[in-house]
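To keep things clear, I will list the structure first and then write my remarks on it.
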Amino acid sequence: MSSDARGLARASKLSLSAGQRVGVIVGLLCVVFAFLPFIVTKPYLLHMGVLLFLAVIQGQAWNILGGYAGQHSLGHAAYFGLGAYTTVMLMEQNQISPFVGIWLGVLVAAVVSLLIGAITFRLRGPYFVLASISVAEIIRLLALHFKDVTRGAEGFLISSVPALHLGPIEIDFLGKRPFYFAAFTVALITTALSYAVQQSKIGYYLQAVREDQDAAHSIGINLQAYKCLALVISAGFTAWAGGFYALFVKFIDPDTVFGLDVSVQILLTCIVGGIGTLLGPALGALVLVPLSEILRNPKGLVQLGLVASDSSIVRVIEERFSNAHSFVYGLLLVVIILFAPEGLFGVLKRLLGPARVRQS
Amino acid sequence: MQMFFQAAISGILMGGVYALIGIGLTLIFGVMQVINFAHGDLVMVGMYAAWLLFSHFHVDPFVSILLTGPLLFLLGALLQRAFIQRVIGEAQENQILLTIGLGLLLSNTAMLAFTSDYQLLTTSYSSKAFTVAGVSMSVPLFFAFIVTMLVALALYLFLMKTDTGAAIRATAQDREAAQLMGINVTRMSVLAFGLGSSLAGIAGALIAPTYYIFPQVGHAFTLKSFVIVVLGGMGSVVGASIGGVLIGMVESLAALYLASGLKEAVVFALFLLLLLFRPSGLLGRART
């Protein structure tokens with residue numbers, strides 16, 4: 001991609017700044033993703049695409065709170081799970097359309113997030129991290145315990161998602177394509193919103209909170225209000241992703257949607273890409289999702305036609321690395337923190353940026 | 001009332017093991033100001049070590065702590081020297097993330113090596129119990145409690161009575177001043193992390209006869225040990241001992257009066273209240 005961008009710049013005899021180059025690459029990638037389902041119809045690829053967009057949404061959502069405002073939450077599984085459970089329970093137990101339910105899930109998560117924010121935002125640094133984990137764990141344990149309401153560890157299996165009626169148009173959610181476009185659209189919206197927040201007064205206020213809470217407070221920024229604002233936005237989109245995930249994967253239980261793994265994965269997406277940057281979460285998702293999906297299900301490589309069905313690669317991954325995706329997560333965390341704490345986006349920016357002056 | 005005493009005593013016995021885990025974490029935090037999110041996974045390594053030694057060489061877990069303790073000390077010292085040392089003094093978020101990563105590596109290495117099946121370490125006395133004044137006590141947990149108290153006492157004496165112990169305490173009090181006094185703070189950090197890991201490993205070995213052993217078992221211990229350490233005041237060894245026993249009791253009583261599925265939720269809820277109203281812990285000084 002980068003050579004394309006350079007070629008383009010040369011052809012038009014324009015020298016693009018680093019920012020513009022990145023913009024061109026992102027634009028091209030978006031076009032590719034928008035037309036991908038018309039060119040490639042392999043369900044596995046579309047499946048991975050949906051998971052990718054969901055990871056982008058979650059990463060962008062987390063980044064608004066964790067990256068811009070510097071509140072490193074390790075409890076976003078709470079909002080993800082609330083979105084998932086609200087959507088599914090309303091659909092299965094109250095016959096409420098999931099296309100309505102998913103927004104009610106967002107509402108529930110937003111309200112709960114205000115409650116959680118009121119408690120946890122009084123704490124700083126590691127205490128905030130610990131409190132955010134505790135809240136998510138409490139919700140997970142409650143969901144496991146109150147079987148009458150949530151079916152406990154059994155979870156919910158969704159048989160089918162009804163068609164969506166938009167006036168005269170009817171969209172059936174049978175194949176993967178509608179999921180793909182819906183998730184793609186929301187991923188774009190979340191990214192655009194993240195950009196809007198970053199560029200607005202709110203963004204600067206949040207960054208001030210991140211850099212020095214006491215200083216921000218002393219110049220008249222209402223810490224609690226701005227942190228809560230970032231949290232509500234963050235929780236809302238995370239809940240949307242949770243509801244959508246439930247409809248797409250068609251199975252949820254407390255451990256898969258409320259578990260600490262979910263929170264770690266969201267955070268990891270941002271760390272790998274670059275915390276506090278606009279495109280970091282997207283970049284992180286682009287790296288992590290294909291990696292973990294292939295480790296989880298190496299047969300996908302065959303479906304994509306990348307390797308032959310009798311290839312030894314698939315067998316080796318299946319036999320030796322079938323549960324290795326968490327191992328790889330751990331490895332990535334350690335490597336990134338030690339060697340590139342600014343994330344891949346920071347590394348790429350250095351590589352793509354203007355040629356550095358050579359040391360003579 | 002009988003039920004209450006029974007639950008309280010069981011809780012105290014379990015709390016002894018929690019105390020040992022908490023002391024390890026608080027020692028690490030005290031010396032390095034690093035919150036070790038891999039702590040529960042070190043407990044898990046201790047459990048697997050005890051299980052391996054028992055199932056292959058028939059070494060009783062109460063004897064094998066003589067091996068698992070030093071083994072975990074080496075593992076901890078290695079982790080500190082190779083990874084943690086590099087982030088000392090950096091943003092606390094990065095330290096947390098690094099130790100989460102190390103924890104994932106430990107638990108997933110265990111999973112790749114031993115699969116995620118539950119393992120059992122069944123000794124001849126695993127399910128034995130004896131009765132004192134109408135209160136029954138599990139034999140393995142009773143002895144585990146005795147051993148944890150002995151280990152805690154030994155650690156306390158080491159920290160208070162030896163020169164090395166004094167050096168560790170000095171490093172915890174003021175890293176720079178300690179360095180100026182000629183204390184090798186890097187060595188003290190390695191030592192503290194090794195000791196903390198060793199305590200976690202011993203605790204793991206001690207509960208191995210009464211617990212399911214599986215790669216993800218550490219999660220619960222990590223979170224619980226944070227609660228214990230904050231309860232006792234970050235960095236306070238005595239506080240962590242009391243905190244551990246208290247948390248054990250709270251869990252046991254919550255299981256009796258509410259539901260066993262909610263005992264951990266109660267602990268975390270208390271933790272949130274504690275963070276809000278007394279973040280310096282029950283024994284800690286008020287923050288200045």
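Scheme for the structure tokens: letters A, B, ... for chains in order shown; per-chain residue numbers from 1; ligand numbers from 1 in order shown.
Using only C-alpha atoms, the part of chain B that sits within 7 Å of chain A is made up of Gln92, Asn94, Leu97, Leu98, Gly101, Leu102, Leu104, Leu105, Asn108, Gly261, Leu262, Ala265, Phe268 and Leu272 of chain B.
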Excluding B:Ala170 and any residue of its chain fewer than 6 positions from it, enumerate the residues within 9 Å of it, using only C-alpha atoms, and give them as a PyMOL selection string. chain B and resi 31+177-178+183
B:Ala203 environment, 7 Å, only C-alpha atoms, sequence neighbours closer than 2 positions dropped, as a ChimeraX atom specification: /B:17,20-21,43,199-201,205-207
Hey, can you spit out that residue selection with N, CA and C atoms as an mmCIF file, in the first residue's frame?
```
data_model
loop_
_atom_site.group_PDB
_atom_site.id
_atom_site.type_symbol
_atom_site.label_atom_id
_atom_site.label_comp_id
_atom_site.auth_asym_id
_atom_site.auth_seq_id
_atom_site.Cartn_x
_atom_site.Cartn_y
_atom_site.Cartn_z
ATOM 1 N N VAL B 17 -3.887 -19.167 53.402
ATOM 2 C CA VAL B 17 -3.246 -19.309 52.091
ATOM 3 C C VAL B 17 -3.343 -17.995 51.312
ATOM 4 N N LEU B 20 -0.702 -15.640 52.408
ATOM 5 C CA LEU B 20 0.628 -15.899 51.849
ATOM 6 C C LEU B 20 0.745 -15.298 50.442
ATOM 7 N N ILE B 21 -0.308 -15.485 49.634
ATOM 8 C CA ILE B 21 -0.310 -14.928 48.282
ATOM 9 C C ILE B 21 -0.237 -13.405 48.356
ATOM 10 N N VAL B 43 0.969 -18.482 41.334
ATOM 11 C CA VAL B 43 0.314 -19.471 42.189
ATOM 12 C C VAL B 43 0.013 -20.722 41.371
ATOM 13 N N LEU B 199 6.624 -17.138 47.558
ATOM 14 C CA LEU B 199 5.472 -17.239 48.459
ATOM 15 C C LEU B 199 4.222 -17.649 47.686
ATOM 16 N N ALA B 200 4.035 -17.049 46.492
ATOM 17 C CA ALA B 200 2.883 -17.411 45.663
ATOM 18 C C ALA B 200 2.956 -18.892 45.303
ATOM 19 N N GLY B 201 4.150 -19.348 44.945
ATOM 20 C CA GLY B 201 4.323 -20.743 44.550
ATOM 21 C C GLY B 201 4.054 -21.690 45.702
ATOM 22 N N ALA B 205 1.281 -24.631 45.971
ATOM 23 C CA ALA B 205 1.542 -26.026 46.325
ATOM 24 C C ALA B 205 0.679 -26.456 47.506
ATOM 25 N N LEU B 206 0.483 -25.546 48.462
ATOM 26 C CA LEU B 206 -0.268 -25.901 49.666
ATOM 27 C C LEU B 206 -1.749 -26.131 49.383
ATOM 28 N N ILE B 207 -2.312 -25.393 48.420
ATOM 29 C CA ILE B 207 -3.739 -25.608 48.147
ATOM 30 C C ILE B 207 -3.956 -26.646 47.050
#
```
Distance in Å - atom CA of B:Asp174 versus atom CA of B:Val87: 17.8 Å
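Candidate residues B:Ile202, B:Ile100, B:Ala172, B:Leu275 were compared for distance to B:Ser64, and the nearest is B:Ile202, using only C-alpha atoms.
Here atom CA of A:Tyr44 and atom CA of A:Val307 stand 14.2 Å from one another.
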Just want the 10 Å neighbourhood of A:Lys227, counted on only C-alpha atoms, with same-chain residues fewer than 4 positions away dropped. Output as a PyMOL selection string. chain A and resi 64-66+68-71+114+117-118+121+205-206+209-210+222-223+231-232
In stretch 71-257 of chain B, what's alpha helix (DSSP H) per DSSP? Answer as an MDAnalysis selection string? chainID B and resid 71:82 92:114 139:161 163:173 175:180 185:207 218:232 237:257
Output for the residues just chosen: C-alpha atoms as a tab-separated table (two decimals), in the first residue's frame:
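Dumped to part.tsv:
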```tsv
chain	number	residue	atom	x	y	z
B	71	LEU	CA	11.92	-23.01	41.90
B	72	LEU	CA	9.42	-20.16	41.94
B	73	PHE	CA	12.05	-17.91	43.45
B	74	LEU	CA	14.22	-18.52	40.38
B	75	LEU	CA	11.29	-18.00	38.00
B	76	GLY	CA	10.37	-14.75	39.73
B	77	ALA	CA	13.94	-13.50	39.79
B	78	LEU	CA	14.25	-14.31	36.10
B	79	LEU	CA	11.00	-12.51	35.21
B	80	GLN	CA	12.12	-9.48	37.20
B	81	ARG	CA	15.60	-9.36	35.69
B	82	ALA	CA	14.51	-10.00	32.11
B	92	GLN	CA	2.15	2.45	35.85
B	93	GLU	CA	-0.20	1.49	33.03
B	94	ASN	CA	2.73	0.04	31.10
B	95	GLN	CA	3.86	-1.98	34.10
B	96	ILE	CA	0.36	-3.36	34.52
B	97	LEU	CA	0.16	-4.28	30.85
B	98	LEU	CA	3.57	-5.93	30.92
B	99	THR	CA	2.67	-8.12	33.87
B	100	ILE	CA	-0.69	-8.98	32.28
B	101	GLY	CA	1.29	-10.10	29.22
B	102	LEU	CA	3.64	-12.18	31.35
B	103	GLY	CA	0.65	-13.73	33.12
B	104	LEU	CA	-0.92	-14.67	29.78
B	105	LEU	CA	2.38	-16.23	28.71
B	106	LEU	CA	2.56	-18.28	31.92
B	107	SER	CA	-1.04	-19.51	31.82
B	108	ASN	CA	-0.92	-20.31	28.12
B	109	THR	CA	2.40	-22.10	28.41
B	110	ALA	CA	0.71	-24.26	31.06
B	111	MET	CA	-2.19	-24.82	28.67
B	112	LEU	CA	0.08	-25.82	25.79
B	113	ALA	CA	2.05	-28.13	28.09
B	114	PHE	CA	-0.76	-29.73	30.12
B	139	VAL	CA	-6.76	-31.75	57.39
B	140	PRO	CA	-4.88	-30.40	54.34
B	141	LEU	CA	-6.19	-26.87	54.88
B	142	PHE	CA	-5.34	-27.02	58.58
B	143	PHE	CA	-1.74	-27.99	57.86
B	144	ALA	CA	-1.61	-25.48	55.01
B	145	PHE	CA	-2.62	-22.81	57.51
B	146	ILE	CA	0.11	-23.88	59.96
B	147	VAL	CA	2.73	-23.86	57.20
B	148	THR	CA	1.64	-20.46	55.86
B	149	MET	CA	1.90	-18.98	59.35
B	150	LEU	CA	5.39	-20.44	59.74
B	151	VAL	CA	6.46	-19.13	56.33
B	152	ALA	CA	5.00	-15.70	57.09
B	153	LEU	CA	6.79	-15.65	60.44
B	154	ALA	CA	10.10	-16.67	58.81
B	155	LEU	CA	9.69	-13.90	56.23
B	156	TYR	CA	8.89	-11.38	58.93
B	157	LEU	CA	12.01	-12.34	60.90
B	158	PHE	CA	14.09	-12.22	57.73
B	159	LEU	CA	12.85	-8.73	56.91
B	160	MET	CA	13.26	-7.42	60.48
B	161	LYS	CA	16.37	-9.18	61.77
B	163	ASP	CA	20.87	-7.01	57.02
B	164	THR	CA	19.45	-8.09	53.68
B	165	GLY	CA	15.98	-7.75	55.12
B	166	ALA	CA	16.79	-4.26	56.31
B	167	ALA	CA	18.13	-3.43	52.83
B	168	ILE	CA	14.89	-4.62	51.25
B	169	ARG	CA	12.87	-2.52	53.67
B	170	ALA	CA	15.08	0.47	52.99
B	171	THR	CA	14.57	0.07	49.25
B	172	ALA	CA	10.82	-0.06	49.83
B	173	GLN	CA	10.89	3.08	51.95
B	175	ARG	CA	14.59	3.79	46.58
B	176	GLU	CA	16.94	6.72	45.96
B	177	ALA	CA	18.06	7.15	49.54
B	178	ALA	CA	18.71	3.40	49.74
B	179	GLN	CA	20.82	3.62	46.61
B	180	LEU	CA	22.78	6.52	48.09
B	185	VAL	CA	18.50	-1.65	44.68
B	186	THR	CA	18.40	-3.69	41.50
B	187	ARG	CA	19.54	-6.73	43.46
B	188	MET	CA	16.96	-6.00	46.14
B	189	SER	CA	14.25	-5.80	43.48
B	190	VAL	CA	15.27	-9.16	42.04
B	191	LEU	CA	15.30	-10.58	45.55
B	192	ALA	CA	11.89	-9.14	46.41
B	193	PHE	CA	10.30	-10.37	43.21
B	194	GLY	CA	11.87	-13.78	43.74
B	195	LEU	CA	10.62	-13.94	47.33
B	196	GLY	CA	7.15	-12.74	46.34
B	197	SER	CA	6.94	-15.37	43.59
B	198	SER	CA	8.24	-18.00	45.96
B	199	LEU	CA	5.47	-17.24	48.46
B	200	ALA	CA	2.88	-17.41	45.66
B	201	GLY	CA	4.32	-20.74	44.55
B	202	ILE	CA	4.33	-22.18	48.07
B	203	ALA	CA	0.72	-21.07	48.49
B	204	GLY	CA	-0.11	-22.80	45.20
B	205	ALA	CA	1.54	-26.03	46.32
B	206	LEU	CA	-0.27	-25.90	49.67
B	207	ILE	CA	-3.74	-25.61	48.15
B	218	GLY	CA	-4.58	-17.90	38.54
B	219	HIS	CA	-7.07	-15.18	37.46
B	220	ALA	CA	-9.14	-15.50	40.60
B	221	PHE	CA	-6.08	-15.43	42.83
B	222	THR	CA	-4.66	-12.35	41.13
B	223	LEU	CA	-7.82	-10.34	41.74
B	224	LYS	CA	-8.24	-11.63	45.27
B	225	SER	CA	-4.65	-10.84	46.16
B	226	PHE	CA	-5.19	-7.22	45.04
B	227	VAL	CA	-8.16	-6.98	47.34
B	228	ILE	CA	-6.09	-8.41	50.21
B	229	VAL	CA	-3.20	-6.06	49.58
B	230	VAL	CA	-5.33	-2.93	49.30
B	231	LEU	CA	-7.25	-4.02	52.39
B	232	GLY	CA	-4.06	-4.36	54.40
B	237	VAL	CA	3.27	-7.39	55.21
B	238	VAL	CA	1.33	-7.52	58.47
B	239	GLY	CA	-1.63	-5.87	56.75
B	240	ALA	CA	-1.61	-8.47	53.97
B	241	SER	CA	-1.64	-11.30	56.54
B	242	ILE	CA	-4.68	-9.87	58.29
B	243	GLY	CA	-6.28	-8.95	54.96
B	244	GLY	CA	-5.89	-12.50	53.69
B	245	VAL	CA	-7.58	-14.04	56.71
B	246	LEU	CA	-10.38	-11.44	56.58
B	247	ILE	CA	-11.06	-12.09	52.90
B	248	GLY	CA	-11.10	-15.83	53.54
B	249	MET	CA	-13.72	-15.31	56.24
B	250	VAL	CA	-15.83	-12.91	54.18
B	251	GLU	CA	-15.90	-15.40	51.30
B	252	SER	CA	-16.83	-18.28	53.51
B	253	LEU	CA	-19.60	-16.36	55.29
B	254	ALA	CA	-20.93	-14.95	52.02
B	255	ALA	CA	-21.11	-18.50	50.67
B	256	LEU	CA	-23.06	-19.55	53.74
B	257	TYR	CA	-25.52	-16.66	54.00
```
Considering only C-alpha atoms, return as a ChimeraX atom specification whatever protein or nucleic-acid residues lie within 10 Å of A:Gly155, sequence-local ones (same chain, fewer than 3 positions apart) excluded. /A:85,143-144,147,150-152,158,251-256
